[in-house]
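K.L.:
Questions regarding the structure given below will be posed in turn.
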Amino acid sequence: MTGPPSPEEITDPAVLKAMMHPLRRRIMESLGREPATATKLAKELGESSGATSYHLRELAKYDFVDEAPELAHGKERWWRARHRDIRWPRHSEQSEEMRAVFGEAHRAAFTEDLEQMARFLRRRDELGEWGDALVFSRGAVHVNLEELKQFWEEYLDLLRRYWRPEPGPDARKVFVRWTAFPDPDGE
């Protein structure tokens with residue numbers, strides 16, 4: 001089994017803009033489940049194949065998707081999601097443009113996270129034992145900046161320990177979100 005991808009820091013706002021486009025995010029989500037052609041994606045996402053083809057090429061330009069030539073028959077082009085461990089520079093190291101794009105990306109990601117949680121809660125009773133799989137913790141710790149950095153690294157190590165390129169038997173995708181921020185009132 002291959003391990004998780006190596007972390008890579010992205011400093012170019014164009015890369016973040018490329019991945020935050022709503023249709024591209026939907027394409028990447030679909031390709032994360034299984035490879036597809038532009039035509040198959042167009043049908044699934046209710047878009048034209050010209051639009052999905054264009055956005056696939058844009059995603060490929062920034063290494064978010066790869067072609068899967070072994071799946072092709074004739075002229076059809078198959079695509080798959082490319083697994084990446086993307087990191088962003090610290091806020092203080094970002095340009096104003098990157099901060100603006102990243103702020104919008106954060107808002108979109110949090111909105112998406114809330115929508116995913118709402119879908120889970122609506123369908124929870126249909127999921128059998130997986131309906132009990134909501135693990136949740138809410139707390140606070142008093143740490144200095146170095147300890148917070150160490151906490152973050154340990155969390156990432158734990159996440160990488162369970163990373164798999166392909167799900168095993170009886171496995172399913174589980175969304176994992178971890179957020180930490182200082183008390184703005186300084187307590």
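By order in the structure tokens, chains are A, B, ...; within a chain, residues start at 1; ligands start at 1, following the order shown.
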Please give the complete set of residues from region 3-149 of chain A that DSSP, run on the backbone, assigns to strand (DSSP E), formatted as a PyMOL selection string.
P.N.:
chain A and resi 7-9+36-37+65-67+78-81+85-87
K.L.:
Find the residues near Glu44 (chain A): any atom within 12 Å, counting only C-alpha atoms, skip ones fewer than 5 places away on the same chain, and give them as a PyMOL selection string.
P.N.:
chain A and resi 23+26-27+29-31+36-39+49+52
K.L.:
Once you have the residues from the selection above, write them out as a short mmCIF file (atom, residue, chain, number, x, y, z; two decimals), in the first residue's frame, restricted to all heavy atoms.
P.N.:
```
data_model
loop_
_atom_site.label_atom_id
_atom_site.label_comp_id
_atom_site.auth_asym_id
_atom_site.auth_seq_id
_atom_site.Cartn_x
_atom_site.Cartn_y
_atom_site.Cartn_z
N LEU A 23 -17.86 24.41 -9.74
CA LEU A 23 -17.98 23.23 -10.59
C LEU A 23 -16.73 22.35 -10.46
O LEU A 23 -16.84 21.12 -10.43
CB LEU A 23 -18.22 23.62 -12.05
CG LEU A 23 -18.34 22.45 -13.04
CD1 LEU A 23 -19.39 21.43 -12.60
CD2 LEU A 23 -18.63 22.98 -14.44
N ARG A 26 -17.04 20.24 -7.42
CA ARG A 26 -17.97 19.13 -7.65
C ARG A 26 -17.32 18.04 -8.50
O ARG A 26 -17.51 16.85 -8.26
CB ARG A 26 -19.25 19.64 -8.29
CG ARG A 26 -20.07 20.52 -7.33
CD ARG A 26 -21.23 21.24 -7.99
NE ARG A 26 -22.10 20.34 -8.71
CZ ARG A 26 -22.75 20.69 -9.82
NH1 ARG A 26 -22.63 21.90 -10.34
NH2 ARG A 26 -23.53 19.82 -10.42
N ILE A 27 -16.54 18.46 -9.49
CA ILE A 27 -15.82 17.50 -10.34
C ILE A 27 -14.83 16.71 -9.50
O ILE A 27 -14.75 15.48 -9.59
CB ILE A 27 -15.12 18.22 -11.52
CG1 ILE A 27 -16.15 18.69 -12.54
CG2 ILE A 27 -14.07 17.31 -12.16
CD1 ILE A 27 -15.59 19.61 -13.62
N GLU A 29 -14.88 16.17 -6.32
CA GLU A 29 -15.61 15.29 -5.40
C GLU A 29 -16.05 14.01 -6.12
O GLU A 29 -15.89 12.91 -5.61
CB GLU A 29 -16.81 16.03 -4.83
CG GLU A 29 -17.59 15.21 -3.82
CD GLU A 29 -18.79 15.97 -3.26
OE1 GLU A 29 -18.68 17.20 -3.10
OE2 GLU A 29 -19.81 15.32 -2.99
N SER A 30 -16.59 14.16 -7.32
CA SER A 30 -17.02 13.01 -8.10
C SER A 30 -15.85 12.11 -8.46
O SER A 30 -15.92 10.89 -8.32
CB SER A 30 -17.74 13.47 -9.37
OG SER A 30 -18.14 12.36 -10.13
N LEU A 31 -14.76 12.71 -8.93
CA LEU A 31 -13.58 11.91 -9.30
C LEU A 31 -12.93 11.26 -8.08
O LEU A 31 -12.23 10.26 -8.22
CB LEU A 31 -12.56 12.78 -10.04
CG LEU A 31 -13.00 13.25 -11.43
CD1 LEU A 31 -11.92 14.15 -12.03
CD2 LEU A 31 -13.32 12.10 -12.34
N ALA A 36 -13.78 9.15 -14.28
CA ALA A 36 -14.89 9.44 -15.20
C ALA A 36 -14.37 10.19 -16.42
O ALA A 36 -13.27 10.72 -16.42
CB ALA A 36 -15.96 10.28 -14.49
N THR A 37 -15.21 10.24 -17.43
CA THR A 37 -14.95 11.06 -18.61
C THR A 37 -15.68 12.39 -18.43
O THR A 37 -16.55 12.52 -17.56
CB THR A 37 -15.50 10.38 -19.89
OG1 THR A 37 -16.92 10.27 -19.77
CG2 THR A 37 -14.87 9.01 -20.11
N ALA A 38 -15.37 13.36 -19.27
CA ALA A 38 -16.06 14.65 -19.23
C ALA A 38 -17.55 14.44 -19.49
O ALA A 38 -18.40 15.09 -18.86
CB ALA A 38 -15.46 15.61 -20.25
N THR A 39 -17.88 13.53 -20.39
CA THR A 39 -19.29 13.26 -20.72
C THR A 39 -20.02 12.67 -19.53
O THR A 39 -21.14 13.08 -19.20
CB THR A 39 -19.38 12.32 -21.94
OG1 THR A 39 -18.72 12.95 -23.04
CG2 THR A 39 -20.82 12.01 -22.30
N SER A 49 -20.83 18.80 -21.59
CA SER A 49 -19.53 18.12 -21.62
C SER A 49 -18.42 19.11 -21.98
O SER A 49 -17.28 18.93 -21.58
CB SER A 49 -19.56 16.94 -22.59
OG SER A 49 -19.87 17.38 -23.89
N THR A 52 -17.45 20.61 -18.56
CA THR A 52 -16.68 19.69 -17.72
C THR A 52 -15.31 19.43 -18.33
O THR A 52 -14.32 19.33 -17.61
CB THR A 52 -17.44 18.38 -17.47
OG1 THR A 52 -17.81 17.80 -18.72
CG2 THR A 52 -18.67 18.61 -16.60
#
```
K.L.:
Within 12 Å of Gly32 (chain A), counting only C-alpha atoms, which residues show up once you throw out same-chain ones fewer than 6 positions away? Write them as a PyMOL selection string, please.
P.N.:
chain A and resi 24-26+64-66+79-84+165-167+173
K.L.:
Store the residues picked out above in a file with C-alpha atoms, as a PDB file, in the first residue's frame.
P.N.:
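File produced: result-v1.pdb:
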```pdb
ATOM      1  CA  ARG A  24     -14.359  22.167 -10.183  1.00  0.00           C
ATOM      2  CA  ARG A  25     -15.000  21.259  -6.548  1.00  0.00           C
ATOM      3  CA  ARG A  26     -17.970  19.130  -7.646  1.00  0.00           C
ATOM      4  CA  PHE A  64      -5.635  18.256  -9.108  1.00  0.00           C
ATOM      5  CA  VAL A  65      -6.621  15.549 -11.605  1.00  0.00           C
ATOM      6  CA  ASP A  66      -4.717  13.122 -13.826  1.00  0.00           C
ATOM      7  CA  TRP A  79      -9.786  11.331 -15.464  1.00  0.00           C
ATOM      8  CA  ARG A  80      -9.135  10.567 -11.799  1.00  0.00           C
ATOM      9  CA  ALA A  81      -8.595  12.742  -8.758  1.00  0.00           C
ATOM     10  CA  ARG A  82      -4.998  13.185  -7.708  1.00  0.00           C
ATOM     11  CA  HIS A  83      -4.396  12.699  -3.984  1.00  0.00           C
ATOM     12  CA  ARG A  84      -2.536  15.674  -2.515  1.00  0.00           C
ATOM     13  CA  PRO A 165      -5.781   5.623  -1.342  1.00  0.00           C
ATOM     14  CA  GLU A 166      -8.619   3.119  -1.782  1.00  0.00           C
ATOM     15  CA  PRO A 167     -11.242   2.114   0.793  1.00  0.00           C
ATOM     16  CA  LYS A 173     -15.428   7.940   3.537  1.00  0.00           C
TER      17      LYS A 173
END
```
K.L.:
Kindly indicate which residue among A:Tyr162, A:Phe102, A:Tyr54, A:Trp178 lies nearest to Leu16 (chain A), using only C-alpha atoms for the distances.
P.N.:
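Checking each of A:Tyr162, A:Phe102, A:Tyr54, A:Trp178 against Leu16 (chain A), counting only C-alpha atoms, the winner is A:Phe102.
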K.L.:
For the structure I just gave you, how does DSSP split chain A - specifically, which residues are alpha helix (DSSP H)? Reply as number ranges by chain.
P.N.:
A: 13-20, 22-33, 38-45, 49-61, 96-123, 145-161
K.L.:
Hey, what's within 8 Å of Ala18 (chain A) if we count only C-alpha atoms and toss same-chain stuff fewer than 5 positions away? As a list in words, please?
P.N.:
Arg24, Glu58, Leu59 and Tyr62 of chain A
K.L.:
By how many Å are CA of Lys61 (chain A) and CA of Ile86 (chain A) apart?
P.N.:
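CA of Lys61 (chain A) sits 15.7 Å away from CA of Ile86 (chain A).
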K.L.:
Would you list the contacts of Pro13 (chain A) as a list in words, taking every protein, DNA or RNA residue within 10 Å and counting only C-alpha atoms, but skipping same-chain residues closer than 5 positions in sequence?
P.N.:
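Using only C-alpha atoms, the neighbours found are Ala18, Gln94, Ser95, Glu96, Glu97, Met98, Arg99, Ala100, Val101 and Phe102 of chain A.
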K.L.:
With N, CA, C and O atoms retained, write the just-selected residues as a PDB file, in the first residue's frame.
P.N.:
```
ATOM      1  N   ALA A  18      -8.228  28.185  -8.623  1.00  0.00           N
ATOM      2  CA  ALA A  18      -8.552  27.078  -9.524  1.00  0.00           C
ATOM      3  C   ALA A  18      -9.324  25.987  -8.807  1.00  0.00           C
ATOM      4  O   ALA A  18     -10.289  25.440  -9.340  1.00  0.00           O
ATOM      5  N   GLN A  94       0.990  35.450   3.987  1.00  0.00           N
ATOM      6  CA  GLN A  94       0.210  35.502   2.754  1.00  0.00           C
ATOM      7  C   GLN A  94       0.133  36.930   2.218  1.00  0.00           C
ATOM      8  O   GLN A  94       0.062  37.882   2.987  1.00  0.00           O
ATOM      9  N   SER A  95       0.109  37.032   0.897  1.00  0.00           N
ATOM     10  CA  SER A  95      -0.113  38.327   0.252  1.00  0.00           C
ATOM     11  C   SER A  95      -1.564  38.744   0.501  1.00  0.00           C
ATOM     12  O   SER A  95      -2.407  37.921   0.877  1.00  0.00           O
ATOM     13  N   GLU A  96      -1.861  40.001   0.257  1.00  0.00           N
ATOM     14  CA  GLU A  96      -3.245  40.478   0.401  1.00  0.00           C
ATOM     15  C   GLU A  96      -4.183  39.706  -0.525  1.00  0.00           C
ATOM     16  O   GLU A  96      -5.295  39.358  -0.136  1.00  0.00           O
ATOM     17  N   GLU A  97      -3.716  39.437  -1.744  1.00  0.00           N
ATOM     18  CA  GLU A  97      -4.540  38.679  -2.690  1.00  0.00           C
ATOM     19  C   GLU A  97      -4.813  37.274  -2.156  1.00  0.00           C
ATOM     20  O   GLU A  97      -5.942  36.787  -2.193  1.00  0.00           O
ATOM     21  N   MET A  98      -3.770  36.634  -1.632  1.00  0.00           N
ATOM     22  CA  MET A  98      -3.934  35.282  -1.090  1.00  0.00           C
ATOM     23  C   MET A  98      -4.881  35.310   0.114  1.00  0.00           C
ATOM     24  O   MET A  98      -5.738  34.439   0.252  1.00  0.00           O
ATOM     25  N   ARG A  99      -4.772  36.314   0.959  1.00  0.00           N
ATOM     26  CA  ARG A  99      -5.664  36.414   2.117  1.00  0.00           C
ATOM     27  C   ARG A  99      -7.114  36.536   1.676  1.00  0.00           C
ATOM     28  O   ARG A  99      -8.000  35.924   2.262  1.00  0.00           O
ATOM     29  N   ALA A 100      -7.361  37.348   0.656  1.00  0.00           N
ATOM     30  CA  ALA A 100      -8.733  37.529   0.174  1.00  0.00           C
ATOM     31  C   ALA A 100      -9.269  36.217  -0.390  1.00  0.00           C
ATOM     32  O   ALA A 100     -10.403  35.811  -0.075  1.00  0.00           O
ATOM     33  N   VAL A 101      -8.487  35.560  -1.215  1.00  0.00           N
ATOM     34  CA  VAL A 101      -8.922  34.288  -1.811  1.00  0.00           C
ATOM     35  C   VAL A 101      -9.082  33.233  -0.731  1.00  0.00           C
ATOM     36  O   VAL A 101     -10.060  32.472  -0.714  1.00  0.00           O
ATOM     37  N   PHE A 102      -8.143  33.182   0.198  1.00  0.00           N
ATOM     38  CA  PHE A 102      -8.186  32.183   1.258  1.00  0.00           C
ATOM     39  C   PHE A 102      -9.382  32.426   2.189  1.00  0.00           C
ATOM     40  O   PHE A 102     -10.034  31.485   2.629  1.00  0.00           O
TER      41      PHE A 102
END
```
K.L.:
Quick one: residues within 10 Å of region 139-154 of chain A, only C-alpha atoms, excluding same-chain residues fewer than 3 positions away - as an MDAnalysis selection string?
P.N.:
chainID A and resid 157:160 178:183 187
K.L.:
Distance CA of Arg90 (chain A)-CA of Thr11 (chain A), one decimal place?
P.N.:
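According to the coordinates, CA of Arg90 (chain A) and CA of Thr11 (chain A) are separated by 10.0 Å.
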K.L.:
May I have the residues within 9 Å of region 105-118 of chain A as a compact mmCIF listing (two decimals) with N, CA and C atoms, in the first residue's frame, using only C-alpha atoms and disregarding those fewer than 6 positions away in the same chain?
P.N.:
```txt
# COMPACT_ATOMS: atom_id res chain seq x y z
N LEU A 16 -5.23 28.26 -5.63
CA LEU A 16 -6.38 28.25 -4.73
C LEU A 16 -7.65 28.63 -5.49
N LYS A 17 -7.58 29.65 -6.34
CA LYS A 17 -8.74 30.04 -7.14
C LYS A 17 -9.19 28.89 -8.03
N MET A 20 -11.10 26.31 -6.01
CA MET A 20 -12.29 26.76 -5.31
C MET A 20 -13.48 27.00 -6.23
N PHE A 175 -15.82 12.17 6.90
CA PHE A 175 -15.30 13.54 6.90
C PHE A 175 -14.71 13.83 8.27
N ARG A 177 -12.91 16.91 10.42
CA ARG A 177 -12.63 18.34 10.47
C ARG A 177 -12.05 18.67 11.84
```
K.L.:
One number please: CA of Met28 (chain A) to CA of Gly128 (chain A), in Å, one decimal.
P.N.:
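Atom-to-atom, CA of Met28 (chain A) to CA of Gly128 (chain A), that is 27.6 Å.
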